[in-house]
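A.B. asks: Before I ask anything, let me first share the structure, which is written out below as structure tokens.
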Amino acid sequence: MFSDNHKTAGVAYPQGFTAAGVRAGIKKNGNLDVAVIYTEREAAVAGVFTKNLVAAAPVHLSKIVVNTGTAHAVVANAGCANACTGEQGVKDAEKMAELTARELGCRADDVIVASTGLIGSNLPMDKMAAGIKDAVSKLSKDGSVNAGNAIVTTDTYSKACATEIELGGVEVRFGAIAKGSGMIRPDMATMLCFITTDADIDQKLLQAALREITEVSFNCVSVDGDMSTNDMVVVLANGAAGNKKIVDKGADYQKFYDTLKSICVEMAKRIAADGEGATKFITLNVTGAKSFADAKQVGMAVANSPLCKSAIFGHDSNVGRFICAVGYSGVKIIPEKVIIKFGGITAYEKGLVTKFDADAMRKVLAEHDIVIDIELGLGSAQATVYTCDLSFQYIKINADYTT
């Protein structure tokens with residue numbers, strides 16, 4: 001669905017959008033660290049944010065912008081989270097919006113603000129001001145790659161995609177950039193995702209769609225079980241494609257919804273696969289649950305287990321760790337009904353660890369992409385959770401994070 005022809009276009013692929021990423025000196029390593037995404041045409045805006053009660057100043061400010069229903073721009077930085085920074089942090093987030101609005105000729109409450117990086121440090125606003133001015137001056141249809149690189153922290157690469165669909169005979173485009181590698185768990189993560197589209201859609205429908213889709217995409221990801229302070233996924237829809245406006249949940253809405261969902265799931269999977277120090281990408285399919293919530297809860301118990309993740313890293317078929325996590329998940333399971341399979345090999349069934357082929361299992365666990373199926377035998381609901389292994393490198397990255 002995601003063509004290589006558009007992989008560098010990202011958020012600038014839809015009509016009417018431009019982007020840029022520049023070096024402002026906020027990151028210690030001197031890499032790109034300030035990004036701006038802009039649409040001259042007013043866009044409907046939707047957003048979902050971290051549930052961490054210690055939310056960063058940009059989160060609070062961007063929630064206000066989303067509540068207005070429209071936006072023209074996103075300004076984001078990496079290298080400083082502007083979290084736990086008190087009144088000064090709020091003033092700095094507001095100043096980011098004001099500086100961006102002044103350069104673009106829009107209102108400050110039309111600017112989404114995002115930050116990511118070290119918690120507890122104040123933004124160097126002199127550098128930020130120069131960076132915003134520079135980014136706005138470099139806005140272009142070719143700017144998405146730099147914008148994506150300007151928001152990464154410990155990521156090994158910037159996540160991006162773009163695609164198009166047809167609505168009523170009109171081509172409608174979508175683009176996205178995202179970052180996220182560590183401090184990742186459901187209910188958002190140390191994750192920023194910005195999605196653009198030139199579709200014309202009612203803002204309330206857009207918000208409802210994004211909230212639903214987030215539950216089965218970004219909120220089904222865990223790298224390390226930690227929930228960050230700065231996380232958000234934001235969609236801007238500027239209507240430049242000229243499709244008949246989507247105002248109800250008809251056929252066009254469903255096609256739009258399915259496309260937005262595919263983008264969010266793809267971005268979620270890339271974030272899990274690029275977890276800090278990750279050597280494996282793990283897909284956990286939980287089936288036979290009484291509800292989606294139960295299935296997700298079981299999947300997240302396994303995804304968040306350091307023992308399960310370490311076993312995958314070491315190619316260790318210690319099945320007991322996995323059924324243990326299922327058992328303490330908080331979902332009322334019946335152990336004798338549970339079936340656990342690794343790459344199609346049954347490892348637990350009828351309350352017992354099975355006698356499986358150890359060599360075949362090692363081959364499964366040696367692969368980069370590993371699928372684990374957990375059948376609960378209690379109902380028809382299911383959920384898919386995405387995670388990665390826990391390696392020595394994860395400890396090194398986070399032991400040295402501030403140094």
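Ligands are numbered from 1 in the order shown, residues from 1 within each chain, and chains are lettered A, B, ... in the order they appear in the structure tokens.
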Hey, what's within 12 Å of A:Val113 if we count only C-alpha atoms and toss same-chain stuff fewer than 6 positions away? As number ranges by chain, please?

C.D. replies: A: 34-37, 47, 56-66, 71-78, 81-82, 90, 92-101, 132, 192, 194, 230-234

A.B. asks: As a ChimeraX atom specification, please: all residues of stretch 43-185 of chain A that backbone DSSP puts in helix (DSSP H, G or I).

C.D. replies: /A:57-68,86-104,108-110,125-137,144-150

A.B. asks: Set the distance at 12 Å and use only C-alpha atoms: which residues neighbour A:Asn29 once local chain neighbours fewer than 2 positions away are removed? I'd like the list as a list in words.

C.D. replies: Arg23, Ala24, Gly25, Ile26, Lys27, Asn31, Leu32, Asp33, Ala78, Gly79, Ala150, Val152, Thr153, Thr154 and Thr403 of chain A

A.B. asks: Which residues, written as a list in words, have at least one atom at most 8 Å from A:Ile195, with only C-alpha atoms counted and residues fewer than 4 positions away on the same chain left out?

C.D. replies: Val11, Phe174, Gly175, Ala176, Ile177, Val233, Val234, Val235 and Leu236 of chain A

A.B. asks: Write out as a ChimeraX atom specification all residues of stretch 74-303 of chain A that DSSP puts in strand (DSSP E or B) for this structure's backbone.

C.D. replies: /A:74-78,80,111-116,140,159-167,170-179,184,189,192-197,201,221,232-237,246,281-289
